[in-house]
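Novice: Have a look at this one before I ask anything.
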Amino acid sequence: MYVIRRRGWELPERDATPEQIFLDRRAFLAATSAVAATGAAALTLSPELALAQRIADLPDPTKHLYPVKRNEKFVLDRPITDETLNTTYNNFYEFGSSKTIAKAAQALRLRPWTVTIEGMVEKPQEIGLDDLIRQMPLEERLYRHRCVEAWSMAVPWSGFPLAKLVELAKPLSSAKYLRMETFLDSSVASGQRQTWYPWPYVEGLTMPEATNELAFLVTGAYGKPVAKSMGAPLRLAVPWKYGFKSIKSIRRFIFTDQRPKSFWEELQASEYGFWANVNPEVPHPRWSQASEELIGRGGERRPTLLFNGYGDYVAHLYKNLEQTERLWA
Ligand SMILES: Nc1nc2c(c(=O)[nH]1)N[C@H]1C(S)=C(S)[C@@H](COP(=O)(O)O)O[C@H]1N2
Ligand SMILES: [Mo]
């Protein structure tokens, strides 16, 4: 007998009615094969199919690890953003270009999930996500998040330092960048059928950025596994950079000597550069970056801080860059 728990946090509050749904094996199999049989057609999601897809989620074997211990070093200057708001106001173009993708993102299957470590490393590897999570030192960090669109949130992330994954990967000294890629599966991600976008979503960091103390791989938020809409089951948080650098639902880590061209840089290089360090003095070509709106705070605005307030950790990384380099988005 399969016992499937439908987690309230995976859904907008208004849809989270039954706490648990119990199904017998036949119903479970019927639900799964209905999804398989319809294939791409499932994307136009009838309510029944949408439900079937949620029900077909496999159990999360590392769910019991949360909540994890908070690292008190990272403190906020503003309240944590309301969880419901944070899980329903998202940029996740794989599921659509509006902010209301939470429902569509429920089609994402989080298990099985493997990540690959490739490129300029001692030995390429493929690791099951839960095997990776079990090897990593999980902690909670409160970080500010500043979207290039001039809004911000404050998030209690759970996860582990990206530096620990780099350690596991054993990159060669010739590796200068870490390129990351999101999953590619247009049968679950309706946005990926919009072929004018350069899928998969790509982001990249220099090696000193990737091993900086602040760079954090997120597996959870709000004391539980991270919500699908926020980039489950594995996303990045680089809080001194604009939000688009924090790639969601990562499948591939590729060590390389070629500077990665990101999804947004590919689309519009004049607006979204490689560095994307938060800087109130450099406006986006179409709007000012001097201040930001704190989402969920009744329209409250605050002056934006250089490096989003994280200069003590990262300013040194950019001291020796040539004048010609574009430091900012
Ligand atoms: N794969 C992927 N990652 C992504 C995006 C995306 O569209 N696809 N959007 C980025 C942008 S612009 C922001 S602001 C953050 C949003 O994260 P949140 O939904 O947790 O607030 O995710 C970033 N990571
Ligand atoms: Mo963003």
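Following the order of the structure tokens, first chain is A, next is B, and so on, with residues numbered from 1 inside each chain and ligands from 1 in the order they appear.
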Using only C-alpha atoms and all ligand atoms, which residues of the polymer chains come no farther than 9 Å from ligand 1? I'd like the answer as an mmCIF file with N, CA, C and O atoms, in the first residue's frame.

Specialist:
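Result written to out_4.cif:
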data_model
loop_
_atom_site.group_PDB
_atom_site.id
_atom_site.type_symbol
_atom_site.label_atom_id
_atom_site.label_comp_id
_atom_site.auth_asym_id
_atom_site.auth_seq_id
_atom_site.Cartn_x
_atom_site.Cartn_y
_atom_site.Cartn_z
ATOM 1 N N ASN A 86 6.452 33.801 -0.539
ATOM 2 C CA ASN A 86 7.713 33.403 -1.169
ATOM 3 C C ASN A 86 7.544 32.193 -2.094
ATOM 4 O O ASN A 86 8.253 32.059 -3.099
ATOM 5 N N THR A 87 6.599 31.321 -1.762
ATOM 6 C CA THR A 87 6.415 30.125 -2.595
ATOM 7 C C THR A 87 5.419 30.354 -3.729
ATOM 8 O O THR A 87 5.196 29.461 -4.536
ATOM 9 N N THR A 88 4.818 31.546 -3.793
ATOM 10 C CA THR A 88 3.823 31.798 -4.842
ATOM 11 C C THR A 88 4.128 33.048 -5.669
ATOM 12 O O THR A 88 3.346 33.427 -6.536
ATOM 13 N N TYR A 89 5.242 33.698 -5.381
ATOM 14 C CA TYR A 89 5.668 34.866 -6.169
ATOM 15 C C TYR A 89 7.081 34.548 -6.640
ATOM 16 O O TYR A 89 8.045 34.704 -5.896
ATOM 17 N N ASN A 90 7.204 33.996 -7.841
ATOM 18 C CA ASN A 90 8.491 33.428 -8.253
ATOM 19 C C ASN A 90 8.850 33.764 -9.692
ATOM 20 O O ASN A 90 7.970 33.903 -10.528
ATOM 21 N N ASN A 91 10.143 33.844 -9.937
ATOM 22 C CA ASN A 91 10.639 33.826 -11.307
ATOM 23 C C ASN A 91 11.172 32.424 -11.572
ATOM 24 O O ASN A 91 12.113 31.976 -10.889
ATOM 25 N N PHE A 92 10.561 31.735 -12.509
ATOM 26 C CA PHE A 92 10.987 30.369 -12.848
ATOM 27 C C PHE A 92 10.460 30.140 -14.257
ATOM 28 O O PHE A 92 9.393 29.561 -14.456
ATOM 29 N N TYR A 93 11.220 30.661 -15.221
ATOM 30 C CA TYR A 93 10.736 30.738 -16.604
ATOM 31 C C TYR A 93 10.437 29.380 -17.223
ATOM 32 O O TYR A 93 9.677 29.283 -18.172
ATOM 33 N N GLU A 94 11.005 28.327 -16.650
ATOM 34 C CA GLU A 94 10.679 26.982 -17.132
ATOM 35 C C GLU A 94 9.182 26.715 -17.032
ATOM 36 O O GLU A 94 8.637 25.868 -17.736
ATOM 37 N N PHE A 95 8.515 27.411 -16.112
ATOM 38 C CA PHE A 95 7.085 27.181 -15.904
ATOM 39 C C PHE A 95 6.244 28.387 -16.287
ATOM 40 O O PHE A 95 5.061 28.441 -15.971
ATOM 41 N N GLY A 96 6.847 29.342 -16.974
ATOM 42 C CA GLY A 96 6.089 30.499 -17.436
ATOM 43 C C GLY A 96 6.775 31.795 -17.058
ATOM 44 O O GLY A 96 7.572 31.835 -16.120
ATOM 45 N N SER A 97 6.436 32.850 -17.783
ATOM 46 C CA SER A 97 7.143 34.118 -17.583
ATOM 47 C C SER A 97 6.427 35.062 -16.615
ATOM 48 O O SER A 97 6.870 36.177 -16.404
ATOM 49 N N LYS A 99 4.804 35.716 -12.576
ATOM 50 C CA LYS A 99 5.268 35.372 -11.227
ATOM 51 C C LYS A 99 4.420 34.250 -10.626
ATOM 52 O O LYS A 99 4.757 33.728 -9.560
ATOM 53 N N HIS A 145 17.634 38.467 -0.588
ATOM 54 C CA HIS A 145 17.595 38.097 -2.005
ATOM 55 C C HIS A 145 17.134 39.331 -2.782
ATOM 56 O O HIS A 145 16.053 39.850 -2.513
ATOM 57 N N ARG A 146 17.954 39.808 -3.712
ATOM 58 C CA ARG A 146 17.628 41.035 -4.457
ATOM 59 C C ARG A 146 17.468 40.688 -5.927
ATOM 60 O O ARG A 146 18.438 40.336 -6.609
ATOM 61 N N CYS A 147 16.234 40.763 -6.419
ATOM 62 C CA CYS A 147 16.005 40.528 -7.852
ATOM 63 C C CYS A 147 16.408 41.774 -8.624
ATOM 64 O O CYS A 147 16.268 42.896 -8.147
ATOM 65 N N VAL A 148 16.885 41.567 -9.840
ATOM 66 C CA VAL A 148 17.281 42.675 -10.716
ATOM 67 C C VAL A 148 16.080 43.590 -11.011
ATOM 68 O O VAL A 148 16.248 44.749 -11.364
ATOM 69 N N GLU A 149 14.871 43.054 -10.797
ATOM 70 C CA GLU A 149 13.656 43.850 -11.026
ATOM 71 C C GLU A 149 13.363 44.834 -9.896
ATOM 72 O O GLU A 149 12.277 45.425 -9.866
ATOM 73 N N TRP A 151 12.973 44.307 -6.573
ATOM 74 C CA TRP A 151 12.258 43.867 -5.368
ATOM 75 C C TRP A 151 13.182 42.924 -4.597
ATOM 76 O O TRP A 151 14.142 42.372 -5.158
ATOM 77 N N SER A 152 12.867 42.779 -3.307
ATOM 78 C CA SER A 152 13.724 41.900 -2.505
ATOM 79 C C SER A 152 12.899 41.080 -1.524
ATOM 80 O O SER A 152 11.757 41.420 -1.213
ATOM 81 N N MET A 153 13.503 40.002 -1.082
ATOM 82 C CA MET A 153 12.909 39.125 -0.078
ATOM 83 C C MET A 153 13.990 38.787 0.944
ATOM 84 O O MET A 153 15.165 39.085 0.731
ATOM 85 N N VAL A 155 15.059 35.249 3.121
ATOM 86 C CA VAL A 155 14.699 33.832 3.050
ATOM 87 C C VAL A 155 15.524 32.986 4.019
ATOM 88 O O VAL A 155 16.741 33.120 4.076
ATOM 89 N N GLU A 181 23.715 24.041 -14.921
ATOM 90 C CA GLU A 181 22.562 23.960 -15.819
ATOM 91 C C GLU A 181 21.349 23.377 -15.104
ATOM 92 O O GLU A 181 21.460 22.430 -14.328
ATOM 93 N N THR A 182 20.200 23.943 -15.419
ATOM 94 C CA THR A 182 18.913 23.452 -14.907
ATOM 95 C C THR A 182 18.496 22.233 -15.725
ATOM 96 O O THR A 182 18.976 22.040 -16.849
ATOM 97 N N PHE A 183 17.566 21.426 -15.195
ATOM 98 C CA PHE A 183 17.027 20.280 -15.934
ATOM 99 C C PHE A 183 16.459 20.731 -17.283
ATOM 100 O O PHE A 183 16.105 21.900 -17.467
ATOM 101 N N PRO A 200 18.828 24.746 -21.922
ATOM 102 C CA PRO A 200 18.426 24.901 -20.525
ATOM 103 C C PRO A 200 18.963 26.204 -19.933
ATOM 104 O O PRO A 200 19.892 26.801 -20.455
ATOM 105 N N TYR A 201 18.356 26.607 -18.802
ATOM 106 C CA TYR A 201 18.829 27.767 -18.048
ATOM 107 C C TYR A 201 20.258 27.483 -17.598
ATOM 108 O O TYR A 201 20.553 26.403 -17.078
ATOM 109 N N VAL A 202 21.132 28.447 -17.836
ATOM 110 C CA VAL A 202 22.553 28.291 -17.518
ATOM 111 C C VAL A 202 22.989 29.451 -16.633
ATOM 112 O O VAL A 202 22.535 30.577 -16.832
ATOM 113 N N GLU A 203 23.828 29.187 -15.668
ATOM 114 C CA GLU A 203 24.491 30.260 -14.926
ATOM 115 C C GLU A 203 25.923 29.846 -14.655
ATOM 116 O O GLU A 203 26.277 28.677 -14.821
ATOM 117 N N ALA A 227 10.540 24.325 -1.740
ATOM 118 C CA ALA A 227 9.354 24.185 -2.586
ATOM 119 C C ALA A 227 9.735 24.124 -4.059
ATOM 120 O O ALA A 227 10.726 24.707 -4.491
ATOM 121 N N SER A 229 8.376 25.586 -6.566
ATOM 122 C CA SER A 229 8.370 26.905 -7.203
ATOM 123 C C SER A 229 9.653 27.685 -6.921
ATOM 124 O O SER A 229 10.009 28.596 -7.659
ATOM 125 N N MET A 230 10.345 27.335 -5.834
ATOM 126 C CA MET A 230 11.572 28.042 -5.467
ATOM 127 C C MET A 230 12.821 27.348 -6.015
ATOM 128 O O MET A 230 13.937 27.775 -5.725
ATOM 129 N N GLY A 231 12.615 26.275 -6.788
ATOM 130 C CA GLY A 231 13.771 25.674 -7.451
ATOM 131 C C GLY A 231 14.227 24.358 -6.886
ATOM 132 O O GLY A 231 15.405 24.002 -6.976
ATOM 133 N N ARG A 235 18.977 24.300 -5.582
ATOM 134 C CA ARG A 235 19.191 25.580 -6.266
ATOM 135 C C ARG A 235 20.312 26.327 -5.579
ATOM 136 O O ARG A 235 20.748 25.958 -4.499
ATOM 137 N N LEU A 236 20.768 27.359 -6.233
ATOM 138 C CA LEU A 236 21.883 28.144 -5.725
ATOM 139 C C LEU A 236 21.363 29.389 -5.009
ATOM 140 O O LEU A 236 20.285 29.897 -5.353
ATOM 141 N N ALA A 237 22.116 29.881 -4.028
ATOM 142 C CA ALA A 237 21.863 31.214 -3.466
ATOM 143 C C ALA A 237 23.203 31.951 -3.416
ATOM 144 O O ALA A 237 24.129 31.513 -2.718
ATOM 145 N N TYR A 242 22.463 39.774 -8.267
ATOM 146 C CA TYR A 242 21.044 39.811 -8.595
ATOM 147 C C TYR A 242 20.493 38.386 -8.696
ATOM 148 O O TYR A 242 21.210 37.438 -9.053
ATOM 149 N N GLY A 243 19.196 38.271 -8.404
ATOM 150 C CA GLY A 243 18.557 36.974 -8.245
ATOM 151 C C GLY A 243 18.708 36.018 -9.406
ATOM 152 O O GLY A 243 18.703 34.799 -9.204
ATOM 153 N N PHE A 244 18.851 36.537 -10.617
ATOM 154 C CA PHE A 244 18.897 35.605 -11.754
ATOM 155 C C PHE A 244 20.133 34.710 -11.738
ATOM 156 O O PHE A 244 20.150 33.665 -12.390
ATOM 157 N N LYS A 245 21.176 35.118 -10.960
ATOM 158 C CA LYS A 245 22.358 34.249 -10.865
ATOM 159 C C LYS A 245 22.063 32.981 -10.037
ATOM 160 O O LYS A 245 22.796 32.003 -10.127
ATOM 161 N N SER A 246 21.013 33.050 -9.215
ATOM 162 C CA SER A 246 20.704 31.926 -8.316
ATOM 163 C C SER A 246 19.865 30.882 -9.040
ATOM 164 O O SER A 246 18.653 30.781 -8.871
ATOM 165 N N ILE A 247 20.540 30.075 -9.822
ATOM 166 C CA ILE A 247 19.891 29.091 -10.713
ATOM 167 C C ILE A 247 19.149 28.021 -9.913
ATOM 168 O O ILE A 247 19.626 27.564 -8.870
ATOM 169 N N LYS A 248 17.989 27.655 -10.444
ATOM 170 C CA LYS A 248 17.099 26.680 -9.787
ATOM 171 C C LYS A 248 17.218 25.274 -10.386
ATOM 172 O O LYS A 248 17.623 25.124 -11.538
ATOM 173 N N SER A 249 16.778 24.298 -9.632
ATOM 174 C CA SER A 249 16.606 22.905 -10.101
ATOM 175 C C SER A 249 17.801 22.433 -10.932
ATOM 176 O O SER A 249 17.674 22.028 -12.088
ATOM 177 N N ILE A 250 18.971 22.464 -10.295
ATOM 178 C CA ILE A 250 20.233 22.190 -10.998
ATOM 179 C C ILE A 250 20.431 20.694 -11.251
ATOM 180 O O ILE A 250 20.205 19.864 -10.368
ATOM 181 N N PHE A 263 21.779 32.150 -19.390
ATOM 182 C CA PHE A 263 20.467 32.248 -20.035
ATOM 183 C C PHE A 263 20.112 33.706 -20.322
ATOM 184 O O PHE A 263 19.783 34.081 -21.444
ATOM 185 N N TRP A 264 20.227 34.545 -19.280
ATOM 186 C CA TRP A 264 19.821 35.944 -19.442
ATOM 187 C C TRP A 264 20.810 36.736 -20.274
ATOM 188 O O TRP A 264 20.428 37.643 -21.021
#

Novice: Determine, counting only C-alpha atoms, which protein, DNA and RNA residues have an atom within 9 Å of an atom of Arg252 in chain A; residues of the same chain fewer than 5 positions away are not included. Present the result as a list of chain:residue names.

Specialist: A:Thr114, A:Val115, A:Thr116, A:Ile117, A:Glu118, A:Arg179, A:Met180, A:Glu181, A:Thr182, A:Phe183

Novice: Kindly save the residues from that selection, with C-alpha atoms included, as a PDB file, in the first residue's frame.

Specialist:
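Contents of again_34.pdb, as written:
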ATOM      1  CA  THR A 114      20.747  12.954 -10.038  1.00  0.00           C
ATOM      2  CA  VAL A 115      23.361  15.624 -10.533  1.00  0.00           C
ATOM      3  CA  THR A 116      26.436  15.312 -12.678  1.00  0.00           C
ATOM      4  CA  ILE A 117      29.890  16.721 -11.991  1.00  0.00           C
ATOM      5  CA  GLU A 118      31.638  17.117 -15.310  1.00  0.00           C
ATOM      6  CA  ARG A 179      28.929  26.340 -15.168  1.00  0.00           C
ATOM      7  CA  MET A 180      25.559  25.136 -13.835  1.00  0.00           C
ATOM      8  CA  GLU A 181      22.562  23.960 -15.819  1.00  0.00           C
ATOM      9  CA  THR A 182      18.913  23.452 -14.907  1.00  0.00           C
ATOM     10  CA  PHE A 183      17.027  20.280 -15.934  1.00  0.00           C
TER      11      PHE A 183
END

Novice: Need to verify the contact set: Phe216 in chain A, 7 Å, only C-alpha atoms, exclusion of same-chain residues closer than 3 positions in sequence. Can you return it as a list of chain:residue names?

Specialist: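 Counting only C-alpha atoms, the residues come to A:Gly159, A:Phe160, A:Pro161, A:Leu162, A:Leu236, A:Ala237, A:Val238.
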
Novice: Include all heavy atoms and write out the residues we just selected as a tab-separated table (two decimals), in the first residue's frame.

Specialist:
chain	number	residue	atom	x	y	z
A	159	GLY	N	20.73	24.26	3.46
A	159	GLY	CA	21.58	23.71	2.42
A	159	GLY	C	23.01	23.59	2.90
A	159	GLY	O	23.25	23.43	4.11
A	160	PHE	N	23.94	23.69	1.97
A	160	PHE	CA	25.36	23.52	2.32
A	160	PHE	C	26.20	24.42	1.42
A	160	PHE	O	25.76	24.81	0.34
A	160	PHE	CB	25.77	22.04	2.18
A	160	PHE	CG	25.50	21.44	0.83
A	160	PHE	CD1	26.45	21.49	-0.18
A	160	PHE	CD2	24.27	20.82	0.55
A	160	PHE	CE1	26.20	20.93	-1.44
A	160	PHE	CE2	24.02	20.27	-0.70
A	160	PHE	CZ	24.99	20.32	-1.70
A	161	PRO	N	27.42	24.74	1.87
A	161	PRO	CA	28.26	25.63	1.06
A	161	PRO	C	28.59	25.00	-0.30
A	161	PRO	O	28.94	23.82	-0.37
A	161	PRO	CB	29.53	25.80	1.89
A	161	PRO	CG	29.12	25.47	3.30
A	161	PRO	CD	28.05	24.41	3.16
A	162	LEU	N	28.50	25.81	-1.35
A	162	LEU	CA	28.89	25.34	-2.69
A	162	LEU	C	30.35	24.87	-2.65
A	162	LEU	O	30.73	23.93	-3.36
A	162	LEU	CB	28.69	26.47	-3.71
A	162	LEU	CG	29.13	26.20	-5.15
A	162	LEU	CD1	28.46	24.97	-5.74
A	162	LEU	CD2	28.86	27.43	-6.02
A	236	LEU	N	20.77	27.36	-6.23
A	236	LEU	CA	21.88	28.14	-5.72
A	236	LEU	C	21.36	29.39	-5.01
A	236	LEU	O	20.28	29.90	-5.35
A	236	LEU	CB	22.75	28.55	-6.92
A	236	LEU	CG	24.02	29.34	-6.63
A	236	LEU	CD1	25.05	28.47	-5.90
A	236	LEU	CD2	24.64	29.85	-7.94
A	237	ALA	N	22.12	29.88	-4.03
A	237	ALA	CA	21.86	31.21	-3.47
A	237	ALA	C	23.20	31.95	-3.42
A	237	ALA	O	24.13	31.51	-2.72
A	237	ALA	CB	21.24	31.12	-2.08
A	238	VAL	N	23.32	33.01	-4.21
A	238	VAL	CA	24.52	33.87	-4.21
A	238	VAL	C	24.02	35.28	-3.91
A	238	VAL	O	23.78	36.07	-4.82
A	238	VAL	CB	25.32	33.78	-5.53
A	238	VAL	CG1	26.22	32.56	-5.51
A	238	VAL	CG2	24.45	33.72	-6.78

Novice: Name the residues in contact with range 167-176 of chain A at a cut-off of 7 Å, using only C-alpha atoms, excluding same-chain residues fewer than 6 positions from it; report them as a PyMOL selection string.

Specialist: chain A and resi 117+120-122+206-207+255-257

Novice: Give me, please, the distance in Å between CA of Val282 in chain A and CA of Gln268 in chain A, quoted to one decimal.

Specialist: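 That distance, rounded to one decimal, is 16.8 Å.
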
Novice: Pick out the residues sitting within 12 Å of Arg144 in chain A, and hand them over as a ChimeraX atom specification; count only C-alpha atoms, and ignore anything fewer than 2 positions along from it in its own chain.

Specialist: /A:74-81,141-142,146-147,151-157,214,237-243,278,292,294-295,304-305,307-310

Novice: Write the residues you've just listed into a file as a CSV table (one decimal), in the first residue's frame, and include N, CA, C and O atoms for each of them.

Specialist:
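Written output follows (again29.csv):
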chain,number,residue,atom,x,y,z
A,74,PHE,N,24.8,34.6,10.0
A,74,PHE,CA,24.2,35.4,8.9
A,74,PHE,C,22.9,36.0,9.4
A,74,PHE,O,21.9,35.3,9.6
A,75,VAL,N,22.9,37.3,9.7
A,75,VAL,CA,21.8,37.9,10.3
A,75,VAL,C,21.1,38.9,9.3
A,75,VAL,O,21.7,39.4,8.3
A,76,LEU,N,19.8,39.1,9.5
A,76,LEU,CA,19.1,40.0,8.6
A,76,LEU,C,18.8,41.3,9.2
A,76,LEU,O,18.8,41.5,10.4
A,77,ASP,N,18.6,42.3,8.4
A,77,ASP,CA,18.2,43.7,8.8
A,77,ASP,C,16.7,43.9,8.5
A,77,ASP,O,16.3,45.1,8.4
A,78,ARG,N,16.0,42.9,8.3
A,78,ARG,CA,14.5,43.0,7.9
A,78,ARG,C,13.9,41.6,8.2
A,78,ARG,O,14.6,40.6,8.4
A,79,PRO,N,12.6,41.7,8.4
A,79,PRO,CA,11.9,40.4,8.7
A,79,PRO,C,12.0,39.4,7.6
A,79,PRO,O,12.1,39.8,6.4
A,80,ILE,N,11.9,38.1,7.9
A,80,ILE,CA,11.8,37.0,6.9
A,80,ILE,C,10.5,37.2,6.1
A,80,ILE,O,9.5,37.5,6.7
A,81,THR,N,10.6,37.0,4.8
A,81,THR,CA,9.4,37.2,4.0
A,81,THR,C,8.4,36.0,4.3
A,81,THR,O,8.9,34.8,4.4
A,141,ARG,N,20.6,29.3,6.8
A,141,ARG,CA,21.2,30.6,6.7
A,141,ARG,C,20.1,31.6,6.3
A,141,ARG,O,19.3,31.3,5.4
A,142,LEU,N,20.0,32.7,7.0
A,142,LEU,CA,19.1,33.8,6.6
A,142,LEU,C,19.8,34.7,5.6
A,142,LEU,O,20.8,35.3,6.0
A,146,ARG,N,18.0,39.8,-3.7
A,146,ARG,CA,17.6,41.0,-4.5
A,146,ARG,C,17.5,40.7,-5.9
A,146,ARG,O,18.4,40.3,-6.6
A,147,CYS,N,16.2,40.8,-6.4
A,147,CYS,CA,16.0,40.5,-7.9
A,147,CYS,C,16.4,41.8,-8.6
A,147,CYS,O,16.3,42.9,-8.1
A,151,TRP,N,13.0,44.3,-6.6
A,151,TRP,CA,12.3,43.9,-5.4
A,151,TRP,C,13.2,42.9,-4.6
A,151,TRP,O,14.1,42.4,-5.2
A,152,SER,N,12.9,42.8,-3.3
A,152,SER,CA,13.7,41.9,-2.5
A,152,SER,C,12.9,41.1,-1.5
A,152,SER,O,11.8,41.4,-1.2
A,153,MET,N,13.5,40.0,-1.1
A,153,MET,CA,12.9,39.1,-0.1
A,153,MET,C,14.0,38.8,0.9
A,153,MET,O,15.2,39.1,0.7
A,154,ALA,N,13.6,38.1,2.0
A,154,ALA,CA,14.5,37.6,3.0
A,154,ALA,C,14.1,36.2,3.3
A,154,ALA,O,12.9,35.9,3.6
A,155,VAL,N,15.1,35.2,3.1
A,155,VAL,CA,14.7,33.8,3.0
A,155,VAL,C,15.5,33.0,4.0
A,155,VAL,O,16.7,33.1,4.1
A,156,PRO,N,14.9,32.1,4.8
A,156,PRO,CA,15.6,31.1,5.6
A,156,PRO,C,15.9,29.9,4.8
A,156,PRO,O,15.1,29.0,4.7
A,157,TRP,N,17.1,29.9,4.1
A,157,TRP,CA,17.4,28.7,3.3
A,157,TRP,C,18.0,27.6,4.2
A,157,TRP,O,18.7,27.9,5.2
A,214,LEU,N,30.0,32.6,1.1
A,214,LEU,CA,28.5,32.9,1.0
A,214,LEU,C,27.8,32.0,0.0
A,214,LEU,O,26.6,31.9,0.1
A,237,ALA,N,22.1,29.9,-4.0
A,237,ALA,CA,21.9,31.2,-3.5
A,237,ALA,C,23.2,32.0,-3.4
A,237,ALA,O,24.1,31.5,-2.7
A,238,VAL,N,23.3,33.0,-4.2
A,238,VAL,CA,24.5,33.9,-4.2
A,238,VAL,C,24.0,35.3,-3.9
A,238,VAL,O,23.8,36.1,-4.8
A,239,PRO,N,23.9,35.6,-2.6
A,239,PRO,CA,23.0,36.8,-2.2
A,239,PRO,C,23.7,38.1,-2.5
A,239,PRO,O,23.0,39.1,-2.4
A,240,TRP,N,24.9,38.2,-3.0
A,240,TRP,CA,25.5,39.5,-3.3
A,240,TRP,C,25.3,39.8,-4.8
A,240,TRP,O,25.6,40.9,-5.2
A,241,LYS,N,24.6,38.9,-5.5
A,241,LYS,CA,24.4,39.1,-6.9
A,241,LYS,C,22.9,39.2,-7.1
A,241,LYS,O,22.1,38.7,-6.3
A,242,TYR,N,22.5,39.8,-8.3
A,242,TYR,CA,21.0,39.8,-8.6
A,242,TYR,C,20.5,38.4,-8.7
A,242,TYR,O,21.2,37.4,-9.1
A,243,GLY,N,19.2,38.3,-8.4
A,243,GLY,CA,18.6,37.0,-8.2
A,243,GLY,C,18.7,36.0,-9.4
A,243,GLY,O,18.7,34.8,-9.2
A,278,VAL,N,25.2,43.2,-7.2
A,278,VAL,CA,24.2,44.2,-6.8
A,278,VAL,C,24.9,45.6,-6.6
A,278,VAL,O,25.9,45.6,-5.8
A,292,GLU,N,14.8,49.4,-3.5
A,292,GLU,CA,14.1,48.2,-3.7
A,292,GLU,C,12.8,48.1,-2.9
A,292,GLU,O,12.8,48.7,-1.8
A,294,LEU,N,10.5,45.8,-0.6
A,294,LEU,CA,10.5,44.6,0.2
A,294,LEU,C,9.1,43.9,0.0
A,294,LEU,O,8.1,44.4,0.5
A,295,ILE,N,9.2,42.8,-0.7
A,295,ILE,CA,7.9,42.2,-1.1
A,295,ILE,C,7.2,41.8,0.2
A,295,ILE,O,7.8,41.2,1.2
A,304,THR,N,19.0,50.3,-1.8
A,304,THR,CA,19.8,49.1,-2.1
A,304,THR,C,21.2,49.3,-1.7
A,304,THR,O,21.8,50.3,-1.7
A,305,LEU,N,21.8,48.2,-1.1
A,305,LEU,CA,23.2,48.2,-0.6
A,305,LEU,C,24.1,47.6,-1.7
A,305,LEU,O,23.8,46.7,-2.4
A,307,PHE,N,26.7,45.3,-3.2
A,307,PHE,CA,26.8,43.9,-3.0
A,307,PHE,C,25.7,43.3,-2.1
A,307,PHE,O,25.9,42.4,-1.3
A,308,ASN,N,24.5,44.0,-2.1
A,308,ASN,CA,23.4,43.6,-1.3
A,308,ASN,C,23.7,43.6,0.2
A,308,ASN,O,23.1,42.8,0.9
A,309,GLY,N,24.7,44.3,0.6
A,309,GLY,CA,25.2,44.4,2.0
A,309,GLY,C,26.2,43.3,2.4
A,309,GLY,O,26.5,43.2,3.5
A,310,TYR,N,26.7,42.5,1.4
A,310,TYR,CA,27.6,41.4,1.7
A,310,TYR,C,29.0,41.8,1.3
A,310,TYR,O,29.8,40.8,1.0

Novice: To one decimal in Å, tell me the separation between CA of Thr100 in chain A and CA of Leu85 in chain A.

Specialist: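 Those two atoms sit 10.5 Å apart.
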
Novice: So, counting only C-alpha atoms and all ligand atoms, which residue among A:Pro208, A:Ala150, A:Ala104, A:Leu217 is closest to ligand 2?

Specialist: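 Answer, going by the shortest atom-to-atom distance: A:Ala150.
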
Novice: From the options A:Ser190, A:Ala276, A:Leu108, A:Lys63, which residue's atoms come nearest to ligand 2, counting only C-alpha atoms and all ligand atoms?

Specialist: A:Ala276

Novice: Using only C-alpha atoms, which of the listed residues (A:Leu110, A:Ser158, A:Arg134, A:Tyr66) sits closest to Gly220 in chain A?

Specialist: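 Looking at the shortest contact to Gly220 in chain A, the residue is A:Ser158.
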
Novice: Check range 103-285 of chain A with DSSP on the backbone and list each residue it calls strand (DSSP E or B), as a count of residues only.

Specialist: 63

Novice: What residues in range 50-291 of chain A get the DSSP label helix (DSSP H, G or I)? Please answer as a ChimeraX atom specification.

Specialist: /A:50-55,63-65,83-88,93-95,104-107,129-135,162-169,190-193,207-210,228-230,243-245,263-267
